[in-house]
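> Have a look at this one.
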Amino acid sequence: MSQPVSLTFPDDSVRSFAAGTTGRDVAESISKSLAKKAVAIAIDGTVRDLSDPVTDGKIEIITRSDDRALELIRHDTAHVLAEAVQELWPGTQVTIGPVIENGFYYDFAKNEPFTPDDLPVIEKRMREIIQRNKPFTKQIWSREKAKEVFAAKGERYKLELVDAIPEGQDLKIYYQGDWFDLCRGPHMASTGQIGNAFKLMKVAGAYWRGDSNNPMLTRIYGTAFAEQADLDNYLHILAEAEKRDHRRLGREMDLFHFQEEGPGVVFWHGKGWRVFQTLVSYMRRRLQGDYQEVNAPQVLDKSLWETSGHWGWYRDNMFKVTVAGDDTDDDRVFALKPMNCPGHIQIFKHGLKSYRELPIRLAEFGAVHRYEPSGALHGLMRVRGFTQDDAHIFCTDEQMAAECLKINDLILSVYEDFGFKEIVVKLSTRPEKRVGSDALWDRAESVMMDVLKTIEAQSEGRIKTGILPGEGAFYGPKFEYTLKDAIGREWQCGTTQVDFNLPERFGAFYIDQHSEKTQPVMIHRAICGSMERFLGILIENFAGHMPLWVSPLQVVVATITSEADAYGEEVAEALRDAGLDVETDFRNEKINYKIREHSVTKVPVIIVCGKKEAEERSVNIRRLGSQAQTSMSLDEAIAALTLEATPPDVLRKREARRIKAA
């Protein structure tokens, strides 16, 4: 006789059930209404079909409101998509249809590829299938039966998938009414539980199994959510993201471009380089007094990267150069640096260091190069050559926590200066593949966990925190700082990484108070991360409407009539003397045409000068995105715009000096 099954519920109560009891049976034993809402179960955290027999463990009943149901909704929607396509175009072969970030896709083999015009037709049929509310039922087939059935249907891609399943693994077939598919599962109870909050997004070509030697298939992308409001919000964000795309705005604002001869590297134009240098200058000011700015070589012998471990871990992502000398013994292999840390260790090691000098903070706006696959390149967000606002702090074990908190304060302050206030800080712990002893990892993680608690407590709930198990660097745990932009997207930018391992590998040491050689703790930190990527984030966050102090061009002085040109030049010179970036537009064009043209390039302030303004020594100010006009004297305008164009860190210092003097 089979042993009863023991289940622990979320409230820690324990109940016994007869062997063979399904998840649905358990839900019904609690309440009929729960059974009606249930879409799946989880046993010890593993999601399973509602119709599966339960086993010993901790059980959770999953409803559509559970976050875990979203993947099931998307998975089931992909199956309904495949059924709809085969109903509308018999003979179309289905291949694979996985859940991906923000949605799903399904690849099809069809003589004539799908077009965007087909998507509304498919969506309509999908809604009909969902309305039928057919149950998802699972069968286990033998390998032989599966191959026989799919061969009879002409599904040659499914035959390949069957062959790829390891011997001994079950072949699961999921039915939704009469239609079925090979699938690992799990699924919800029926198609009706999907709901109608879904949309097909686009069609694209895709090689079978990602191999260009294989046939080209048609991929249909879609998305699905539990509620219509969530879908509407997602579509709104997509529309906003398209309008804010930094690549399009970069062209309109004449900031930068990319071209095939330099894949993954930026061609900066004058205005773009100006705003890039504004960011670097701002960061330099924020480091004054605490950091030494250094510069490590761009090209280093591979031996240095072998010692650091990067050669073994990241060699395929490094740009390598082989130099052949006159003598074969002179042949050497070099690499463009993918990061700055080994160079900074060499600077720290140059000369004897005392504990009295610690912490030593070395910063560098270092150009680094990493080989990213061509398909992964994406404007400023993913490049092969970029600049890191990188720094490494060498300190004692006792100083480690204080340094992490000091870095945290700096990072949060920088983000606030750019208008980012919703920040998440997560601790990434040891990965499976790593260097260093468990004792060192235990120590590093313990300190960082205490720091994380302090960050949360000091923020009084403003900063959210969390843990990312197994996501640390190979040499140490790290904090990851994620900021939220104006349309709700999250961007991971800053990092703080505690490292006991690289100093050990390079033999770095300082002389402690007992005249003994002692290994320092090395803390890696970045705030913007990649300066290029951070600028891309800023462009998209502000939709090109950059704050005046960051804007690549701050003011255009435009005249209404040629009679005002001399005064317009005087205005422009006065603004330049006050430190503003100014251009003039004295063309023989109507003023409304000039304003529209400069608005497209996102000039934040347009000063209009006509005969009246010249006589009164006043100006008429137009702000980007506003039809309103503000008239004021030239002196008032210079004072107001100069104040607005002053970086926030400079304003704080001025205020601090004023308070001190008072």
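Here's how to read the names in the structure tokens: chain A, B, ... by the order shown, residue numbers from 1 in each chain, ligand numbers from 1 in the order shown.
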Neighbours of Glu471 (chain A) within 7 Å (only C-alpha atoms; same-chain residues fewer than 2 positions away dropped), as a list in words?
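The residues satisfying every condition are Ser428, Thr429, Arg430, Pro431, Leu468, Pro469 and Ala473 of chain A.
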> Would you write out those residues with N, CA and C atoms, as an mmCIF file, in the first residue's frame?

```cif
data_model
loop_
_atom_site.group_PDB
_atom_site.id
_atom_site.type_symbol
_atom_site.label_atom_id
_atom_site.label_comp_id
_atom_site.auth_asym_id
_atom_site.auth_seq_id
_atom_site.Cartn_x
_atom_site.Cartn_y
_atom_site.Cartn_z
ATOM 1 N N SER A 428 25.595 40.849 -4.759
ATOM 2 C CA SER A 428 25.814 39.644 -5.558
ATOM 3 C C SER A 428 26.846 38.767 -4.857
ATOM 4 N N THR A 429 26.462 37.551 -4.533
ATOM 5 C CA THR A 429 27.318 36.662 -3.747
ATOM 6 C C THR A 429 28.116 35.721 -4.637
ATOM 7 N N ARG A 430 28.889 34.843 -4.016
ATOM 8 C CA ARG A 430 29.895 34.035 -4.709
ATOM 9 C C ARG A 430 29.300 33.182 -5.830
ATOM 10 N N PRO A 431 29.921 33.227 -7.018
ATOM 11 C CA PRO A 431 29.483 32.357 -8.110
ATOM 12 C C PRO A 431 30.073 30.960 -7.956
ATOM 13 N N LEU A 468 21.509 38.898 -4.795
ATOM 14 C CA LEU A 468 21.590 38.170 -6.065
ATOM 15 C C LEU A 468 22.523 36.982 -5.858
ATOM 16 N N PRO A 469 21.989 35.828 -5.447
ATOM 17 C CA PRO A 469 22.844 34.666 -5.156
ATOM 18 C C PRO A 469 23.614 34.210 -6.392
ATOM 19 N N ALA A 473 31.384 38.630 -8.943
ATOM 20 C CA ALA A 473 32.510 38.477 -9.859
ATOM 21 C C ALA A 473 33.309 37.242 -9.457
#
```
> Where does region 22-56 of chain A meet region 136-158 of chain A within 12 Å, residue by residue, with the nearest atom pair and distance in Å to one decimal for each, counting only C-alpha atoms, listed by chain and rising number, as CSV?

```
residue,atom,partner,partner_atom,distance
A:Val39,CA,A:Phe136,CA,10.7
A:Ala40,CA,A:Phe136,CA,11.4
A:Arg48,CA,A:Lys138,CA,11.6
A:Asp49,CA,A:Lys138,CA,8.9
A:Leu50,CA,A:Phe136,CA,10.0
A:Ser51,CA,A:Thr137,CA,8.1
A:Asp52,CA,A:Lys138,CA,9.2
```
> Those residues with C-alpha atoms, as a compact mmCIF listing (two decimals), in the first residue's frame please?

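Result saved to out07.txt:
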```txt
# COMPACT_ATOMS: atom_id res chain seq x y z
CA VAL A 39 -3.38 27.66 -12.41
CA ALA A 40 -0.49 25.52 -11.09
CA ARG A 48 4.30 21.91 -11.69
CA ASP A 49 1.03 21.20 -13.46
CA LEU A 50 -2.11 21.44 -11.38
CA SER A 51 -2.98 17.93 -12.55
CA ASP A 52 0.31 16.43 -11.32
```
> So that I can see what lies close to Ala82 (chain A), please list as a PyMOL selection string the residues with an atom at most 12 Å from it, counting only C-alpha atoms and leaving out residues fewer than 6 positions away in the same chain.
chain A and resi 75-76+88-98+104-109+122-123+125-126+129+176+179-182+219-222
> What separation in Å, quoted to one decimal, exists between CA of Ala367 (chain A) and CA of Thr387 (chain A)?
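Straight-line distance from CA of Ala367 (chain A) to CA of Thr387 (chain A) works out to 4.4 Å.
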> Report, in Å to a single decimal, how far apart CA of Glu112 (chain A) and CA of Val85 (chain A) are.
12.9 Å
> Of the candidates A:Gln131, A:Thr601, A:Thr496, A:Ser65, which shows the shortest atom-to-atom distance to Met546 (chain A), using only C-alpha atoms?
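Among A:Gln131, A:Thr601, A:Thr496, A:Ser65, it is A:Thr601 that comes nearest to Met546 (chain A).
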> Rounded to one decimal place, report the CA of Leu249 (chain A)-CA of Ile539 (chain A) distance in Å.
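Computing it gives 7.6 Å between the two atoms.
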> Can you list, as a list in words, every protein, DNA or RNA residue that comes within 9 Å of Ala296 (chain A) when you count only C-alpha atoms, leaving out same-chain residues fewer than 2 positions away?
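Skipping anything fewer than 2 positions along the chain leaves Val294, Gln298, Val299, Asn340, Pro342, Gly343, His344, Gln346, Ile347, Glu364 and Gly366 of chain A.
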> If you keep N, CA and C atoms, can you produce a file of those selected residues as a tab-separated table (two decimals), in the first residue's frame?

```
chain	number	residue	atom	x	y	z
A	294	VAL	N	44.97	58.52	-11.95
A	294	VAL	CA	46.13	57.90	-12.57
A	294	VAL	C	45.78	57.46	-13.99
A	298	GLN	N	47.56	51.22	-22.03
A	298	GLN	CA	46.46	50.66	-22.81
A	298	GLN	C	46.75	49.23	-23.25
A	299	VAL	N	48.02	48.93	-23.46
A	299	VAL	CA	48.43	47.61	-23.95
A	299	VAL	C	49.40	47.00	-22.95
A	340	ASN	N	40.79	48.05	-15.81
A	340	ASN	CA	41.93	48.82	-15.30
A	340	ASN	C	42.62	48.22	-14.08
A	342	PRO	N	44.40	45.43	-13.08
A	342	PRO	CA	45.81	45.00	-12.98
A	342	PRO	C	46.79	46.17	-13.06
A	343	GLY	N	46.48	47.17	-13.91
A	343	GLY	CA	47.36	48.33	-14.00
A	343	GLY	C	47.41	49.11	-12.71
A	344	HIS	N	46.28	49.22	-12.03
A	344	HIS	CA	46.25	49.97	-10.78
A	344	HIS	C	47.01	49.24	-9.68
A	346	GLN	N	49.69	47.53	-10.19
A	346	GLN	CA	51.10	47.80	-10.46
A	346	GLN	C	51.48	49.18	-9.91
A	347	ILE	N	50.57	50.16	-10.04
A	347	ILE	CA	50.85	51.50	-9.51
A	347	ILE	C	50.93	51.45	-7.98
A	364	GLU	N	40.65	56.34	-12.46
A	364	GLU	CA	41.06	56.50	-13.86
A	364	GLU	C	39.83	56.52	-14.75
A	366	GLY	N	39.49	55.35	-17.70
A	366	GLY	CA	40.29	54.48	-18.54
A	366	GLY	C	39.53	53.96	-19.74
```
> Could you give me, as a list in words, the residues within 7 Å of region 445-453 of chain A, counting only C-alpha atoms and dropping anything in the same chain fewer than 3 positions from it?
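The filter keeps Ala401, Leu405, Thr429, Trp441, Asp442, Glu456, Ala457 and Pro477 of chain A.
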> For the contact check between region 477-539 of chain A and region 357-362 of chain A, emit one row per residue of region 477-539 of chain A within 10 Å, containing the shortest atom pair and the distance in Å rounded to one decimal, counting only C-alpha atoms, chain then rising number order, as a Markdown table.

```
| residue | atom | partner | partner_atom | distance |
| --- | --- | --- | --- | --- |
| A:Tyr510 | CA | A:Leu358 | CA | 8.8 |
| A:Ile511 | CA | A:Glu357 | CA | 9.9 |
| A:Pro520 | CA | A:Leu358 | CA | 9.0 |
| A:Val521 | CA | A:Pro359 | CA | 9.5 |
| A:Met522 | CA | A:Arg361 | CA | 9.7 |
| A:Ile523 | CA | A:Arg361 | CA | 9.2 |
| A:His524 | CA | A:Leu362 | CA | 9.9 |
```
> Of the candidates A:Val425, A:Met188, A:Leu440, A:Ala402, which one gets nearest to Thr465 (chain A) if we count only C-alpha atoms?
A:Val425
> In terms of the shortest atom-to-atom distance over only C-alpha atoms, which of A:Glu101, A:Asp170, A:Glu83, A:Glu252 is closest to Thr191 (chain A)?
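Comparing A:Glu101, A:Asp170, A:Glu83, A:Glu252 against Thr191 (chain A), the winner is A:Glu83.
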> DSSP on the backbone, strand (DSSP E) only: what residues of region 285-400 of chain A does that give? Format it as a PyMOL selection string.
chain A and resi 292-293+299-301+320-323+332-336+360-369+385-395
> Considering only C-alpha atoms, can you say which of A:Ser551, A:Leu200, A:Gln519, A:Leu427 comes closest to Lys478 (chain A)?
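Of all the options, A:Leu427 lies closest to Lys478 (chain A).
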> I want to know what sits within 6 Å of region 634-648 of chain A, based on only C-alpha atoms, with residues of the same chain fewer than 5 positions away left out; could you give that as a list in words?
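So, after excluding close chain neighbours, the residues are Leu548, Trp549, Ser618 and Val619 of chain A.
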> Find the residue from A:Leu300, A:Ala206, A:Ile560, A:Leu255 that sits nearest to Leu380 (chain A); use only C-alpha atoms when measuring.
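Residue with the minimum atom-to-atom distance to Leu380 (chain A): A:Leu255.
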> Would you list the contacts of Thr307 (chain A) as an MDAnalysis selection string, taking every protein, DNA or RNA residue within 7 Å and counting only C-alpha atoms, but skipping same-chain residues closer than 3 positions in sequence?
chainID A and resid 303:304 505:506
> Restrict the selected residues to C-alpha atoms and save them as a PDB file, in the first residue's frame.

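Full text of out-v8.pdb as output:
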```pdb
ATOM      1  CA  SER A 303      51.425  37.561 -18.514  1.00  0.00           C
ATOM      2  CA  LEU A 304      49.779  40.297 -16.480  1.00  0.00           C
ATOM      3  CA  ARG A 505      47.703  36.908  -6.915  1.00  0.00           C
ATOM      4  CA  PHE A 506      49.885  39.959  -7.613  1.00  0.00           C
TER       5      PHE A 506
END
```
